[in-house]
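For reference, upload_10.cif is printed below; it contains mmCIF, C-alpha atoms.
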data_model
loop_
_atom_site.label_atom_id
_atom_site.label_comp_id
_atom_site.auth_asym_id
_atom_site.auth_seq_id
_atom_site.Cartn_x
_atom_site.Cartn_y
_atom_site.Cartn_z
CA MET W 20 72.58 -44.94 -10.67
CA SER W 21 70.62 -45.43 -7.44
CA SER W 22 67.55 -46.42 -9.45
CA LEU W 23 69.66 -49.03 -11.16
CA THR W 24 70.73 -50.39 -7.76
CA GLY W 25 67.10 -50.40 -6.66
CA LEU W 26 66.09 -52.29 -9.75
CA TRP W 27 68.89 -54.78 -9.09
CA ARG W 28 67.81 -55.25 -5.49
CA SER W 29 64.19 -55.72 -6.48
CA THR W 30 65.23 -58.81 -8.45
CA ARG W 31 66.67 -60.45 -5.34
CA PRO W 32 64.53 -63.31 -3.95
CA THR W 33 62.62 -62.86 -0.72
CA ALA W 34 63.00 -65.31 2.15
CA ALA W 35 59.65 -66.90 1.26
CA GLU W 36 60.70 -67.33 -2.34
CA LEU W 37 63.94 -68.90 -1.24
CA SER W 38 62.14 -71.30 1.03
CA ARG W 39 59.78 -72.34 -1.76
CA ALA W 40 62.70 -72.72 -4.17
CA ARG W 41 64.52 -74.93 -1.73
CA ARG W 42 61.48 -77.17 -1.30
CA ARG W 43 61.35 -77.60 -5.07
CA LEU W 44 65.08 -78.24 -5.13
CA HIS W 45 64.67 -81.01 -2.55
CA ALA W 46 61.76 -82.52 -4.52
CA LYS W 47 63.99 -82.52 -7.59
CA ALA W 48 66.77 -84.24 -5.62
CA ALA W 49 64.34 -86.89 -4.36
CA PHE W 50 63.00 -87.45 -7.88
CA ILE W 51 66.51 -87.91 -9.27
CA THR W 52 67.39 -90.32 -6.45
CA VAL W 53 64.31 -92.42 -7.19
CA ILE W 54 65.13 -92.50 -10.92
CA VAL W 55 68.68 -93.64 -10.21
CA ALA W 56 67.61 -96.29 -7.69
CA LEU W 57 64.85 -97.71 -9.90
CA SER W 58 66.88 -97.74 -13.10
CA TYR W 59 69.84 -99.31 -11.28
CA TRP W 60 67.60 -102.02 -9.89
CA SER W 61 65.98 -102.67 -13.25
CA THR W 62 69.32 -102.74 -15.12
CA VAL W 63 71.44 -104.73 -12.72
CA ILE W 64 69.18 -106.79 -10.46
CA SER W 65 65.86 -107.43 -12.18
CA ASP W 66 65.39 -110.18 -14.75
CA TRP W 67 63.15 -108.14 -17.01
CA ASN W 68 63.62 -108.51 -20.73
CA ILE W 69 66.58 -106.96 -22.49
CA THR W 70 64.62 -104.12 -24.18
CA ILE W 71 63.39 -102.79 -20.85
CA ARG W 72 66.85 -103.13 -19.34
CA ILE W 73 68.55 -101.24 -22.17
CA GLY W 74 66.01 -98.46 -21.58
CA SER W 75 66.80 -98.63 -17.88
CA ALA W 76 70.51 -98.35 -18.58
CA ALA W 77 69.85 -95.15 -20.56
CA ALA W 78 67.69 -93.82 -17.71
CA LEU W 79 70.48 -94.69 -15.27
CA ALA W 80 73.02 -92.72 -17.33
CA ILE W 81 70.72 -89.69 -17.46
CA GLY W 82 69.97 -90.05 -13.73
CA LEU W 83 73.67 -90.08 -12.84
CA ILE W 84 74.27 -87.00 -14.97
CA ALA W 85 71.39 -85.35 -13.14
CA VAL W 86 72.98 -86.27 -9.81
CA ALA W 87 76.17 -84.49 -10.90
CA THR W 88 74.56 -81.44 -12.45
CA SER W 89 71.81 -80.97 -9.87
CA ILE W 90 72.34 -82.52 -6.47
CA MET W 91 76.12 -82.23 -6.37
CA HIS W 92 76.16 -78.83 -8.02
CA ASP W 93 73.57 -77.42 -5.61
CA ALA W 94 75.35 -78.84 -2.59
CA ASN W 95 78.78 -77.57 -3.59
CA HIS W 96 77.36 -74.11 -4.12
CA GLY W 97 75.82 -74.24 -0.67
CA ALA W 98 72.28 -74.15 -2.05
CA PHE W 99 71.08 -77.57 -0.99
CA SER W 100 70.58 -76.60 2.63
CA ARG W 101 71.21 -73.68 4.92
CA HIS W 102 73.40 -75.96 6.99
CA ARG W 103 76.98 -76.01 5.83
CA TRP W 104 77.58 -79.58 7.11
CA LEU W 105 74.62 -80.90 5.13
CA ASN W 106 75.83 -79.21 1.95
CA ARG W 107 79.25 -80.69 2.53
CA LEU W 108 77.83 -84.15 3.19
CA VAL W 109 75.69 -84.12 0.03
CA SER W 110 78.60 -82.75 -2.01
CA TYR W 111 80.40 -86.04 -1.36
CA VAL W 112 78.23 -87.68 -4.03
CA ALA W 113 80.81 -86.11 -6.35
CA ASP W 114 83.43 -88.33 -4.75
CA ILE W 115 81.15 -91.37 -5.08
CA LEU W 116 80.74 -90.58 -8.79
CA GLY W 117 84.51 -90.67 -9.16
CA THR W 118 85.55 -87.03 -9.11
CA SER W 119 86.57 -84.82 -6.21
CA SER W 120 84.19 -82.48 -4.43
CA TRP W 121 87.17 -80.62 -2.97
CA LEU W 122 88.64 -80.00 -6.41
CA TRP W 123 85.22 -78.99 -7.69
CA ARG W 124 84.83 -76.39 -4.94
CA PHE W 125 88.38 -75.22 -5.48
CA LYS W 126 87.85 -74.74 -9.20
CA GLN W 127 84.29 -73.49 -9.23
CA LEU W 128 84.38 -71.26 -6.18
CA ARG W 129 87.91 -70.28 -5.53
CA LEU W 130 89.22 -69.70 -9.03
CA ASP W 131 85.97 -68.40 -10.51
CA ASP W 132 85.70 -66.16 -7.51
CA GLN W 133 88.62 -64.11 -8.77
CA ARG W 134 86.73 -63.17 -11.88
CA LEU W 135 83.84 -61.57 -9.96
CA PRO W 136 83.77 -57.91 -8.90
CA THR W 137 84.67 -57.58 -5.24
CA ASN W 138 81.26 -56.62 -3.91
CA ARG W 139 79.57 -59.63 -5.49
CA ARG W 140 82.09 -62.27 -4.57
CA ARG W 141 80.32 -63.75 -1.60
CA ARG W 142 77.40 -64.72 -3.80
CA ALA W 143 79.43 -67.37 -5.58
CA ASP W 144 79.42 -69.66 -2.58
CA ASP W 145 76.24 -68.48 -0.92
CA LYS W 146 73.70 -67.92 -3.63
CA ALA W 147 70.81 -69.20 -1.57
CA ARG W 148 71.09 -66.53 1.11
CA PRO W 149 69.15 -63.30 0.62
CA MET W 150 71.32 -60.31 -0.29
CA THR W 151 72.04 -58.04 2.64
CA ASP W 152 73.59 -54.62 2.90
CA ASP W 153 76.66 -56.31 4.24
CA ASP W 154 77.16 -57.99 0.91
CA LYS W 155 77.62 -54.65 -0.78
CA THR W 156 80.57 -53.72 1.39
CA PRO W 157 83.78 -54.66 -0.37
CA GLU W 158 85.59 -57.19 1.77
CA SER W 159 89.16 -56.72 2.85
CA SER W 160 91.83 -58.97 1.43
CA LYS W 161 92.19 -60.59 4.89
CA GLU W 162 88.49 -61.37 5.04
CA ARG W 163 88.60 -62.74 1.57
CA GLU W 164 91.57 -64.95 2.36
CA ARG W 165 89.76 -66.32 5.42
CA ARG W 166 86.58 -66.96 3.48
CA LEU W 167 88.36 -68.74 0.65
CA ARG W 168 90.31 -70.91 3.07
CA ALA W 169 87.08 -71.94 4.79
CA LEU W 170 85.65 -72.93 1.41
CA THR W 171 88.51 -75.29 0.69
CA ASP W 172 88.91 -77.00 4.05
CA ASN W 173 91.79 -74.74 5.08
CA GLY W 174 93.84 -76.19 2.27
CA ASP W 175 97.28 -74.89 1.51
CA THR W 176 97.43 -72.00 -0.86
CA ILE W 177 99.86 -72.18 -3.73
CA SER W 178 101.27 -69.55 -6.03
CA HIS W 179 99.97 -69.16 -9.55
CA GLU W 180 103.30 -70.37 -10.93
CA GLU W 181 103.14 -73.52 -8.79
CA TYR W 182 99.56 -74.11 -9.91
CA THR W 183 100.60 -73.82 -13.56
CA ARG W 184 103.56 -76.12 -13.03
CA ARG W 185 101.44 -78.81 -11.37
CA SER W 186 98.80 -78.59 -14.08
CA ARG W 187 101.41 -78.98 -16.80
CA ARG W 188 103.01 -81.92 -15.01
CA SER W 189 99.68 -83.69 -14.58
CA PHE W 190 98.73 -83.10 -18.19
CA LEU W 191 102.05 -84.45 -19.48
CA ALA W 192 101.92 -87.49 -17.18
CA PHE W 193 98.38 -88.25 -18.34
CA GLY W 194 99.46 -87.95 -21.97
CA ALA W 195 102.50 -90.20 -21.42
CA LEU W 196 100.31 -92.85 -19.78
CA GLY W 197 97.88 -92.74 -22.69
CA ILE W 198 100.64 -93.08 -25.28
CA GLY W 199 102.32 -95.84 -23.25
CA GLY W 200 99.04 -97.74 -23.01
CA TYR W 201 98.42 -97.45 -26.74
CA LEU W 202 101.95 -98.60 -27.66
CA GLY W 203 101.76 -101.48 -25.19
CA PHE W 204 98.46 -102.64 -26.64
CA ARG W 205 99.78 -102.42 -30.21
CA ASN W 206 102.85 -104.39 -29.19
CA LEU W 207 100.68 -107.08 -27.60
CA GLN W 208 98.56 -107.36 -30.74
CA ASN W 209 101.63 -107.81 -32.94
CA ARG W 210 103.41 -110.39 -30.82
CA PRO W 211 103.88 -113.97 -32.11
CA THR W 212 101.02 -116.21 -31.06
CA ASP W 213 101.26 -119.40 -29.07
CA ASP W 214 98.19 -121.62 -29.39
CA THR W 215 96.13 -118.78 -30.93
CA ILE W 216 96.90 -116.12 -28.29
CA PRO W 217 99.87 -113.71 -27.83
CA ASP W 218 102.88 -115.50 -26.34
CA VAL W 219 103.11 -113.27 -23.25
CA ILE W 220 99.50 -114.03 -22.34
CA ARG W 221 100.11 -117.74 -22.89
CA SER W 222 103.16 -117.66 -20.63
CA GLY W 223 101.02 -115.90 -18.02
CA LEU W 224 98.52 -118.76 -18.17
CA GLU W 225 101.32 -121.32 -17.94
CA TRP W 226 102.82 -119.53 -14.96
CA ASN W 227 99.42 -119.68 -13.29
CA GLU W 228 99.23 -123.41 -13.96
CA ARG W 229 102.70 -123.98 -12.45
CA VAL W 230 101.72 -122.06 -9.33
CA TRP W 231 98.67 -124.28 -8.84
CA GLU W 232 100.69 -127.44 -9.43
CA THR W 233 102.92 -126.53 -6.51
CA VAL W 234 99.97 -126.69 -4.12
CA GLN W 235 98.75 -130.10 -5.32
CA ARG W 236 99.11 -132.65 -2.55
CA ASP W 237 97.57 -135.92 -1.43
CA GLY W 238 94.77 -135.46 1.01
CA ALA W 239 93.89 -131.94 -0.09
CA ARG W 240 90.15 -131.40 -0.09
CA SER W 241 87.96 -128.67 -1.44
CA ARG W 242 85.65 -127.08 1.09
CA THR W 243 82.24 -128.69 1.52
CA PHE W 244 78.97 -127.26 2.76
CA ASP W 245 75.97 -128.30 4.74
CA THR W 246 73.02 -129.69 2.80
CA ALA W 247 70.91 -126.89 4.30
CA ASP W 248 72.85 -124.51 2.05
CA ILE W 249 72.00 -126.35 -1.16
CA GLU W 250 71.27 -124.04 -4.07
CA ASP W 251 69.94 -124.61 -7.54
CA LEU W 252 72.54 -124.83 -10.29
CA ARG W 253 72.25 -122.43 -13.19
CA VAL W 254 72.44 -124.16 -16.57
CA ASN W 255 75.42 -122.84 -18.47
CA GLY W 256 77.11 -124.84 -21.26
CA ARG W 257 74.84 -126.50 -23.83
CA ILE W 258 77.39 -127.51 -26.47
CA GLY W 259 77.13 -131.19 -27.35
CA LEU W 260 73.68 -131.57 -25.77
CA ASP W 261 71.54 -130.90 -28.86
CA ASP W 262 70.43 -134.47 -29.50
CA GLU W 263 67.53 -135.97 -27.61
CA VAL W 264 68.34 -138.45 -24.89
CA ALA W 265 66.08 -141.46 -24.48
CA GLN W 266 63.85 -141.57 -21.40
CA ASP W 267 65.50 -144.73 -20.17
CA ALA W 268 69.01 -143.49 -20.98
CA ASP W 269 69.77 -143.79 -17.32
CA ALA W 270 69.54 -147.56 -17.53
CA THR W 271 71.01 -148.13 -20.96
CA TRP W 272 73.71 -145.50 -21.22
CA GLU W 273 77.09 -146.76 -22.30
CA ILE W 274 80.43 -145.08 -21.95
CA ASP W 275 83.22 -146.12 -24.26
CA LEU W 276 86.40 -146.62 -22.32
CA THR W 277 89.59 -146.45 -24.31
CA GLY W 278 92.81 -147.19 -22.57
CA ILE W 279 96.45 -147.41 -23.31
CA GLY W 280 96.29 -150.92 -24.68
CA GLU W 281 93.02 -152.87 -24.98
CA PRO W 282 89.88 -150.95 -25.93
CA ARG W 283 87.03 -151.65 -23.52
CA SER W 284 83.57 -150.42 -22.84
CA GLY W 285 81.52 -149.92 -19.72
CA ARG W 286 77.91 -149.12 -19.00
CA CYS W 287 76.74 -146.29 -16.86
CA ARG W 288 74.46 -148.77 -15.16
CA SER W 289 77.25 -151.08 -14.24
CA ILE W 290 79.42 -148.17 -13.20
CA ARG W 291 76.81 -147.58 -10.52
CA SER W 292 76.48 -151.11 -9.30
CA LYS W 293 80.13 -151.96 -9.40
CA ALA W 294 81.36 -148.86 -7.67
CA SER W 295 82.87 -150.08 -4.47
CA ARG W 296 82.05 -146.87 -2.57
CA CYS W 297 79.25 -144.56 -3.42
CA THR W 298 79.87 -140.97 -2.48
CA THR W 299 78.22 -137.61 -2.24
CA TRP W 300 79.86 -134.29 -2.36
CA CYS W 301 78.37 -130.90 -1.66
CA GLY W 302 79.82 -127.83 -3.24
CA SER W 303 78.45 -124.34 -3.46
CA THR W 304 78.99 -121.50 -5.85
CA ASN W 305 78.39 -119.17 -2.93
CA ALA W 306 81.62 -119.24 -0.99
CA SER W 307 80.34 -116.74 1.57
CA LYS W 308 77.93 -119.32 2.95
CA ALA W 309 79.79 -120.93 5.77
CA GLY W 310 78.70 -124.46 6.42
CA ALA W 311 79.63 -127.56 8.27
CA THR W 312 82.41 -129.50 6.68
CA SER W 313 80.42 -132.69 6.55
CA CYS W 314 77.91 -133.30 3.85
CA SER W 315 75.19 -135.76 4.54
CA GLY W 316 72.37 -136.22 2.14
CA PRO W 317 70.27 -138.94 0.61
CA ALA W 318 72.19 -142.06 -0.20
CA CYS W 319 73.56 -142.59 -3.65
CA GLY W 320 71.07 -143.73 -6.25
CA SER W 321 70.73 -147.46 -6.03
CA PRO W 322 71.47 -149.43 -9.17
CA THR W 323 68.43 -149.63 -11.39
CA MET R 3 74.83 -128.12 -4.91
CA GLN R 4 74.87 -131.72 -3.81
CA TRP R 5 76.14 -134.26 -6.28
CA THR R 6 75.58 -137.98 -6.14
CA GLY R 7 77.74 -140.34 -8.13
CA VAL R 8 80.88 -142.35 -7.97
CA ARG R 9 84.46 -141.32 -7.47
CA PHE R 10 86.36 -141.47 -10.72
CA SER R 11 89.19 -143.23 -8.91
CA ASP R 12 86.74 -146.01 -8.04
CA VAL R 13 85.68 -146.24 -11.68
CA VAL R 14 89.33 -146.66 -12.65
CA GLU R 15 89.70 -149.36 -10.03
CA ALA R 16 86.62 -151.25 -11.21
CA PHE R 17 86.93 -150.88 -14.96
CA ALA R 18 90.47 -149.90 -15.81
CA SER R 19 92.67 -151.35 -13.13
CA ASP R 20 95.25 -152.26 -15.76
CA GLN R 21 95.67 -148.57 -16.61
CA SER R 22 98.47 -147.16 -14.57
CA ASP R 23 100.78 -144.87 -16.43
CA TRP R 24 98.30 -142.42 -17.95
CA GLU R 25 98.74 -138.66 -17.59
CA TYR R 26 95.41 -137.40 -18.92
CA VAL R 27 91.82 -138.41 -19.32
CA ALA R 28 89.94 -137.32 -22.47
CA MET R 29 86.14 -137.19 -22.45
CA ARG R 30 83.58 -136.54 -25.19
CA THR R 31 79.86 -136.01 -25.65
CA PRO R 32 77.96 -138.52 -27.87
CA ASP R 33 77.98 -136.15 -30.87
CA ASP R 34 81.71 -135.39 -30.40
CA ARG R 35 80.93 -131.67 -30.41
CA TYR R 36 82.29 -131.03 -26.91
CA TYR R 37 85.41 -132.62 -25.55
CA VAL R 38 87.79 -131.98 -22.69
CA GLY R 39 91.10 -133.22 -21.39
CA VAL R 40 91.82 -133.32 -17.66
CA ASP R 41 95.06 -134.08 -15.86
CA ARG R 42 95.66 -137.18 -13.71
CA TYR R 43 95.85 -135.35 -10.36
CA THR R 44 92.40 -133.85 -10.87
CA MET R 45 90.81 -137.07 -12.13
CA LEU R 46 92.08 -139.16 -9.21
CA HIS R 47 91.20 -136.51 -6.63
CA PRO R 48 88.70 -137.93 -4.11
CA GLN R 49 86.21 -135.15 -4.88
CA THR R 50 86.22 -135.82 -8.61
CA MET R 51 83.27 -137.97 -9.58
CA LEU R 52 80.94 -139.16 -12.28
CA ALA R 53 77.56 -137.91 -11.11
CA TRP R 54 74.01 -138.94 -11.95
CA GLN R 55 72.10 -136.92 -9.35
CA LEU R 56 71.98 -133.23 -8.51
CA ASN R 57 70.46 -132.19 -5.19
CA GLY R 58 68.94 -135.65 -4.80
CA GLU R 59 67.15 -135.59 -8.17
CA PRO R 60 68.16 -137.44 -11.33
CA LEU R 61 70.40 -135.27 -13.49
CA THR R 62 68.35 -133.44 -16.12
CA SER R 63 69.52 -133.49 -19.72
CA GLU R 64 70.66 -129.86 -19.66
CA HIS R 65 72.66 -130.47 -16.48
CA GLY R 66 74.44 -133.31 -18.24
CA GLY R 67 72.25 -136.34 -17.64
CA PRO R 68 72.46 -139.24 -17.59
CA ILE R 69 76.05 -138.96 -16.32
CA ARG R 70 78.59 -136.14 -16.12
CA LEU R 71 81.92 -135.18 -14.62
CA VAL R 72 81.98 -133.11 -11.42
CA THR R 73 85.08 -131.75 -9.71
CA PRO R 74 85.78 -128.79 -7.45
CA LEU R 75 89.24 -128.41 -8.99
CA LYS R 76 88.25 -127.20 -12.43
CA TYR R 77 86.04 -124.56 -14.02
CA GLY R 78 82.67 -125.70 -15.31
CA ILE R 79 84.05 -125.81 -18.88
CA LYS R 80 86.06 -128.90 -17.90
CA GLN R 81 83.21 -130.75 -16.20
CA LEU R 82 81.88 -132.55 -19.24
CA LYS R 83 78.16 -133.23 -19.42
CA ARG R 84 76.59 -136.35 -20.95
CA ILE R 85 79.78 -138.42 -21.10
CA ALA R 86 79.87 -140.87 -23.99
CA ALA R 87 83.55 -141.70 -24.14
CA ILE R 88 86.45 -141.76 -21.74
CA GLU R 89 90.01 -142.28 -22.86
CA PHE R 90 93.20 -142.71 -20.84
CA THR R 91 96.18 -141.20 -22.60
CA ASN R 92 99.69 -139.88 -22.22
CA THR R 93 99.42 -137.04 -24.69
CA ARG R 94 97.53 -133.85 -23.97
CA PRO R 95 94.02 -134.48 -25.37
CA ASP R 96 92.03 -132.19 -27.65
CA ASP R 97 90.11 -129.72 -25.57
CA TYR R 98 87.25 -127.60 -26.87
CA TRP R 99 88.15 -124.34 -25.15
CA ALA R 100 91.92 -124.82 -25.22
CA GLU R 101 91.64 -124.98 -29.03
CA ARG R 102 89.98 -121.57 -28.84
CA GLY R 103 92.85 -119.95 -26.99
CA TYR R 104 91.75 -120.62 -23.44
CA ASP R 105 93.86 -122.10 -20.73
CA PHE R 106 94.08 -125.93 -20.84
CA HIS R 107 94.52 -125.98 -17.07
CA SER R 108 91.34 -123.97 -16.38
CA GLY R 109 91.36 -124.80 -12.70
CA PHE R 110 91.79 -123.46 -9.25
#

Structure encoded using structure tokens:
Amino acid sequence: MSSLTGLWRSTRPTAAELSRARRRLHAKAAFITVIVALSYWSTVISDWNITIRIGSAAALAIGLIAVATSIMHDANHGAFSRHRWLNRLVSYVADILGTSSWLWRFKQLRLDDQRLPTNRRRRADDKARPMTDDDKTPESSKERERRLRALTDNGDTISHEEYTRRSRRSFLAFGALGIGGYLGFRNLQNRPTDDTIPDVIRSGLEWNERVWETVQRDGARSRTFDTADIEDLRVNGRIGLDDEVAQDADATWEIDLTGIGEPRSGRCRSIRSKASRCTTWCGSTNASKAGATSCSGPACGSPT
Amino acid sequence: MQWTGVRFSDVVEAFASDQSDWEYVAMRTPDDRYYVGVDRYTMLHPQTMLAWQLNGEPLTSEHGGPIRLVTPLKYGIKQLKRIAAIEFTNTRPDDYWAERGYDFHSGF
């Protein structure tokens, strides 16, 4: 039996091995971080071609999975660093990814802990520390209670029955929400349409229009910006622009004016020369750019 | 962006002063493939204009040259490029995106 224990102890890592392992662990964490940062940049920010960006999106997905299964997992197990605060800090990437590091520790350490034999329990949360003789001493129930509380931020302890009840309630609520969402969506799809879209969506649009009509008033002006904040305009709609326009269209362009009553026609050229007041207006798609309210730029194009 | 052009209200004054009781303006591209309808309040707003310059340069074809509608009150889908026809009317005009289920208002 003692030879078995000796064999077991001989498999434990030495301090030097641990130190080397942690260096490799940190290199892995840095590598994953670089992959995530680069693939995010390439997917979201760069203007590389679509093939490269689809590849980047796949790399980003794999990188984020690696963050969860490596960096977060290591940190929650207390293996990322020998400093508890640093492990805790890094474990918060779980919360950034949309889950809960507290719940993860609770589930992985506290509940799993109960399945381990008493004299090996402390390893579950402290795998990176070399085994000591102390670890072989079975801990008292008081010690264990204290240790488990420390692992879960001194959270309240609940009875097994309460835990089961809460789990069941959460599961049922989640199921009810899912079913409600499905039925709501089916109902929306089967509603009578108004101008090609479901009537409730149409009435939402009409409500929106009525709200905006209430704020219409004489003298209202949209915000203007300083000419120093001028930006290029991205080309968007191209429908109706397929035909070539003559070079001198500027001078010869005609606009048909149809009124209530006599049909008439005007020329773009004469629109320019007859306009009693020429005007410039500066707008920006970037609302965060504060600017002066006046807009002074080159004078309006003179009639050609 | 900086737009240079003429206020639509001035165009009405100069070319269509006899038009008074209209509710909408309908506009079309030369090939009739794109068309919009815009309400009277928006069209007579002092910041609604027919523009022929963008940032001090003549309007390029893809930005709607030689002349286009510009207004801060509506989404870009309403700001018709390359205007070939303007009609004053009392009935809600055909509108490219409204026919496809979008909001006719499409504004702020």

Residues of chain R within 7 Å of chain W, all atoms listed in the file counted, as a short mmCIF file (atom, residue, chain, number, x, y, z; two decimals) with C-alpha atoms, in the frame of the given file:
data_model
loop_
_atom_site.label_atom_id
_atom_site.label_comp_id
_atom_site.auth_asym_id
_atom_site.auth_seq_id
_atom_site.Cartn_x
_atom_site.Cartn_y
_atom_site.Cartn_z
CA MET R 3 74.83 -128.12 -4.91
CA GLN R 4 74.87 -131.72 -3.81
CA TRP R 5 76.14 -134.26 -6.28
CA THR R 6 75.58 -137.98 -6.14
CA GLY R 7 77.74 -140.34 -8.13
CA VAL R 8 80.88 -142.35 -7.97
CA ARG R 9 84.46 -141.32 -7.47
CA ASP R 12 86.74 -146.01 -8.04
CA VAL R 13 85.68 -146.24 -11.68
CA ALA R 16 86.62 -151.25 -11.21
CA GLN R 21 95.67 -148.57 -16.61
CA THR R 31 79.86 -136.01 -25.65
CA ASP R 33 77.98 -136.15 -30.87
CA ASP R 34 81.71 -135.39 -30.40
CA ARG R 35 80.93 -131.67 -30.41
CA TYR R 36 82.29 -131.03 -26.91
CA GLN R 49 86.21 -135.15 -4.88
CA GLY R 58 68.94 -135.65 -4.80
CA GLU R 64 70.66 -129.86 -19.66
CA HIS R 65 72.66 -130.47 -16.48
CA PRO R 68 72.46 -139.24 -17.59
CA PRO R 74 85.78 -128.79 -7.45
CA ILE R 85 79.78 -138.42 -21.10
CA ALA R 86 79.87 -140.87 -23.99
CA ALA R 87 83.55 -141.70 -24.14
CA ILE R 88 86.45 -141.76 -21.74
CA GLU R 89 90.01 -142.28 -22.86
CA PHE R 90 93.20 -142.71 -20.84
CA THR R 91 96.18 -141.20 -22.60
CA GLY R 103 92.85 -119.95 -26.99
CA ASP R 105 93.86 -122.10 -20.73
CA HIS R 107 94.52 -125.98 -17.07
CA PHE R 110 91.79 -123.46 -9.25
#

Do you know which residues are at most 6 Å from Gly39 (chain R) counting all atoms listed in the file, after dropping those on the same chain fewer than 6 positions away, and could you put them as a tab-separated table (two decimals) with C-alpha atoms, keeping the file's coordinate frame?
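selection.tsv written:
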chain	number	residue	atom	x	y	z
R	27	VAL	CA	91.82	-138.41	-19.32
R	28	ALA	CA	89.94	-137.32	-22.47
R	95	PRO	CA	94.02	-134.48	-25.37
R	97	ASP	CA	90.11	-129.72	-25.57

**Report entry** Shell around Ala77 (chain W) at 12 Å using all atoms listed in the file, local window under 6 positions removed, as an NGL selection string
**Finding:** :W and (54-55 or 58-59 or 61-62 or 70-71 or 83-84)

Report task. Calculate how many Å separate CA of Ile90 (chain W) from CA of Phe193 (chain W), rounding to one decimal. Result -> 29.2 Å

Requested in this report: Check what the PyMOL selection byres ((chain R and resi 43) around 10) selects in the file above and give those residues as a ChimeraX atom specification.
Outcome: /W:232,235-237 /R:25-26,40-42,44-48,50,75

Query raised in the report: What is the CA of Pro60 (chain R) to CA of Ser19 (chain R) distance in Å?
Result: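 The value is 28.2 Å.
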
Query raised in the report: When you draw a straight line from CA of Arg205 (chain W) to CA of Ala192 (chain W), how long is it in Å?
Result: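 Calculated distance between CA of Arg205 (chain W) and CA of Ala192 (chain W) is 19.9 Å.
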